[in-house]
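Report on the following structure.
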Amino acid sequence: MSRHVAIVTDSTAYLPQRTMQRHGITAVPLTVVLGDQALDEGTEISTRSLAQALQKRRSVTTSRPSPQLFAETYRKVAESGATDIVSLHLSAELSGTYDAAVVAAREAPVPVRVVDTGMVAMALGFCALAAAGVAESGGTVDEAVTAAEKRASGTSAFFYVDTLDYLRRGGRIGAAQALLGSALAVKPLLQLGGGRIEPLEKVRTASKAIARLEELVAERAGGAPVDIAVHHLAAPDRASALAERLRGRLPGLGELHVSEVGAVIGAHTGPGLLGAVVSTR
């Protein structure tokens, strides 16, 4: 019997549903708690509802999937014919999702390799796609994990936020605490490093910050073959403009994804987020 490696990730990869279906990727949803309602990301709460709640300063928190939900997912994937599972998740520095997956993997009906990618958003999504490509070609678990880890090592994520207040309230800014003293006077640029959100630069205006974001992506890409993702929350015009500028200046550009982030990331960044992921192919 030939072995079939299935790829599981979580909802913070923000992969389009049609892309996941095409590559046989399964996403386990994180939970967004809006007031007294617990809702699954990607299915039960819209980004518009999230943005409105945040702007009204309603209570919005997030939580990891339960080990039971992972166990059910692994069972269903195994029943569909998988003989092995590679489960790729957002940074363990940002969420307990990885830990929940590890707990569930111990009792799964087929072997499960759980990987902390250290990534989030399409930085995670590109890792899942790399692993899926290997799996689709008949590769082994080790080969799929290696492909994902290689993609992670060649991926950078930068983002601009209108305010650090949401990150501060969610306890997600880590070293970016150093920016808080001057948060009202600057527009912060942040990066994902070591699995955590870290300060990168402080820029005086939103327009200058967004221009600098473009420069950072171009510098990181160089002339290499890369895939790009532009993320936003309630800022579609900003995202479209950035994507078009990048399309015109990156000679090695492959795929270019433009999407609104889901509720889990949006809850911690707030409306106005503009992010860019650059991933070497």
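Residue numbers start at 1 in each chain; chains themselves are named A, B, ... in the order of the structure tokens; ligands are numbered from 1 in the order shown.
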message: Going by DSSP on the backbone, which residues of region 217-247 of chain A come out as strand (DSSP E)? List them as a ChimeraX atom specification.
response: /A:226-232
message: Residues near region 226-235 of chain A, anyone? I mean within 10 Å using only C-alpha atoms, not counting same-chain ones fewer than 6 positions away, as number ranges by chain.
response: A: 14, 47-48, 50-52, 121-123, 125-126, 154-161, 217, 220, 242-243, 246-247, 250-263, 265-267, 269-281
Near region 115-118 of chain A, 8 Å: region 157-256 of chain A residue rows, closest pairs, only C-alpha atoms, as a tab-separated table:
residue	atom	partner	partner_atom	distance
A:Gly194	CA	A:Gly118	CA	6.7
A:Gly195	CA	A:Gly118	CA	4.3
A:Arg196	CA	A:Gly118	CA	7.9
Export of prior selection with N, CA, C and O atoms as a PDB file, in the first residue's frame:
ATOM      1  N   GLY A 194      12.126  35.411  15.029  1.00  0.00           N
ATOM      2  CA  GLY A 194      12.193  34.441  16.104  1.00  0.00           C
ATOM      3  C   GLY A 194      10.831  34.002  16.592  1.00  0.00           C
ATOM      4  O   GLY A 194      10.670  33.622  17.749  1.00  0.00           O
ATOM      5  N   GLY A 195       9.854  34.062  15.700  1.00  0.00           N
ATOM      6  CA  GLY A 195       8.506  33.658  16.054  1.00  0.00           C
ATOM      7  C   GLY A 195       7.728  34.703  16.831  1.00  0.00           C
ATOM      8  O   GLY A 195       6.585  34.479  17.215  1.00  0.00           O
ATOM      9  N   ARG A 196       8.330  35.879  17.053  1.00  0.00           N
ATOM     10  CA  ARG A 196       7.676  36.933  17.823  1.00  0.00           C
ATOM     11  C   ARG A 196       7.549  38.203  16.985  1.00  0.00           C
ATOM     12  O   ARG A 196       8.240  38.370  15.979  1.00  0.00           O
TER      13      ARG A 196
END
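Nearest to Leu34 (chain A) of all the residues A:Val60, A:Leu192, A:Met20, A:Ala100 is A:Val60, counting only C-alpha atoms.
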field: Distance of CA of Arg151 (chain A) from CA of Arg245 (chain A), expressed in Å to one decimal place
entry: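 Calculated distance between CA of Arg245 (chain A) and CA of Arg151 (chain A) is 24.1 Å.
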Applying 10 Å and only C-alpha atoms, which residues near region 67-76 of chain A remain after dropping the ones on its own chain fewer than 5 positions away? List them as a CSV table (one decimal) with N, CA and C atoms, in the first residue's frame.
chain,number,residue,atom,x,y,z
A,6,ALA,N,-0.8,13.7,4.3
A,6,ALA,CA,-1.8,14.8,4.3
A,6,ALA,C,-1.2,16.0,5.0
A,8,VAL,N,-2.0,19.4,7.3
A,8,VAL,CA,-3.0,20.1,8.1
A,8,VAL,C,-2.3,21.4,8.6
A,10,ASP,N,-3.6,25.7,10.3
A,10,ASP,CA,-4.6,26.3,11.0
A,10,ASP,C,-5.1,27.5,10.3
A,26,THR,N,-6.0,20.9,5.0
A,26,THR,CA,-7.1,21.0,5.9
A,26,THR,C,-6.6,22.1,7.0
A,27,ALA,N,-7.5,23.0,7.3
A,27,ALA,CA,-7.2,24.1,8.3
A,27,ALA,C,-8.1,23.9,9.5
A,28,VAL,N,-7.5,23.9,10.7
A,28,VAL,CA,-8.2,23.9,11.9
A,28,VAL,C,-8.4,25.3,12.4
A,29,PRO,N,-9.7,25.7,12.7
A,29,PRO,CA,-9.9,27.1,13.1
A,29,PRO,C,-9.6,27.4,14.5
A,30,LEU,N,-9.0,28.6,14.7
A,30,LEU,CA,-8.8,29.2,16.0
A,30,LEU,C,-10.1,29.8,16.4
A,81,GLY,N,-8.0,8.6,4.0
A,81,GLY,CA,-7.0,7.8,3.3
A,81,GLY,C,-5.6,8.2,3.6
A,82,ALA,N,-5.4,9.2,4.4
A,82,ALA,CA,-4.0,9.6,4.8
A,82,ALA,C,-3.3,8.5,5.7
A,84,ASP,N,-0.1,9.3,6.8
A,84,ASP,CA,0.7,10.1,7.7
A,84,ASP,C,0.2,11.6,7.6
A,85,ILE,N,0.4,12.4,8.6
A,85,ILE,CA,0.0,13.7,8.6
A,85,ILE,C,1.1,14.7,9.0
A,87,SER,N,1.4,18.4,10.3
A,87,SER,CA,0.6,19.5,10.9
A,87,SER,C,1.4,20.7,11.2
A,97,THR,N,-1.6,27.0,19.9
A,97,THR,CA,-2.1,26.1,18.9
A,97,THR,C,-1.2,24.9,18.7
A,98,TYR,N,0.1,25.2,18.6
A,98,TYR,CA,1.1,24.1,18.4
A,98,TYR,C,1.0,23.1,19.6
A,99,ASP,N,0.9,23.6,20.8
A,99,ASP,CA,0.8,22.7,22.0
A,99,ASP,C,-0.4,21.8,21.9
A,100,ALA,N,-1.5,22.4,21.5
A,100,ALA,CA,-2.8,21.6,21.4
A,100,ALA,C,-2.6,20.5,20.3
A,101,ALA,N,-2.0,20.8,19.2
A,101,ALA,CA,-1.8,19.8,18.2
A,101,ALA,C,-0.9,18.7,18.7
A,102,VAL,N,0.2,19.0,19.4
A,102,VAL,CA,1.1,18.0,20.0
A,102,VAL,C,0.3,17.0,20.9
A,103,VAL,N,-0.6,17.6,21.7
A,103,VAL,CA,-1.4,16.7,22.6
A,103,VAL,C,-2.2,15.8,21.8
A,104,ALA,N,-2.9,16.3,20.8
A,104,ALA,CA,-3.8,15.5,20.0
A,104,ALA,C,-3.0,14.4,19.1
A,105,ALA,N,-1.8,14.8,18.7
A,105,ALA,CA,-1.1,13.9,17.8
A,105,ALA,C,-0.7,12.6,18.5
A,106,ARG,N,-0.6,12.6,19.9
A,106,ARG,CA,-0.2,11.4,20.6
A,106,ARG,C,-1.2,10.3,20.5
A,107,GLU,N,-2.5,10.7,20.3
A,107,GLU,CA,-3.6,9.7,20.2
A,107,GLU,C,-4.1,9.5,18.8
A,108,ALA,N,-3.5,10.1,17.8
A,108,ALA,CA,-4.0,10.1,16.4
A,108,ALA,C,-3.9,8.7,15.9
A,109,PRO,N,-4.9,8.3,15.0
A,109,PRO,CA,-4.9,6.9,14.4
A,109,PRO,C,-3.7,6.7,13.4
A,110,VAL,N,-3.1,7.8,12.9
A,110,VAL,CA,-1.9,7.6,12.1
A,110,VAL,C,-0.8,8.5,12.6
A,111,PRO,N,0.4,8.3,12.2
A,111,PRO,CA,1.5,9.2,12.7
A,111,PRO,C,1.3,10.6,12.3
A,112,VAL,N,1.5,11.6,13.2
A,112,VAL,CA,1.4,13.0,13.0
A,112,VAL,C,2.7,13.7,13.4
field: Selected residue, from A:Arg212, A:His268, A:Val5, A:Glu143, that lies nearest to Thr163 (chain A) when counting only C-alpha atoms
entry: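 Smallest separation from Thr163 (chain A) among the options: A:His268.
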field: DSSP helix (DSSP H, G or I) residues within region 47-231 of chain A, listed as an MDAnalysis selection string
entry: chainID A and resid 47:55 67:79 97:105 122:136 141:153 165:170 174:182 206:221
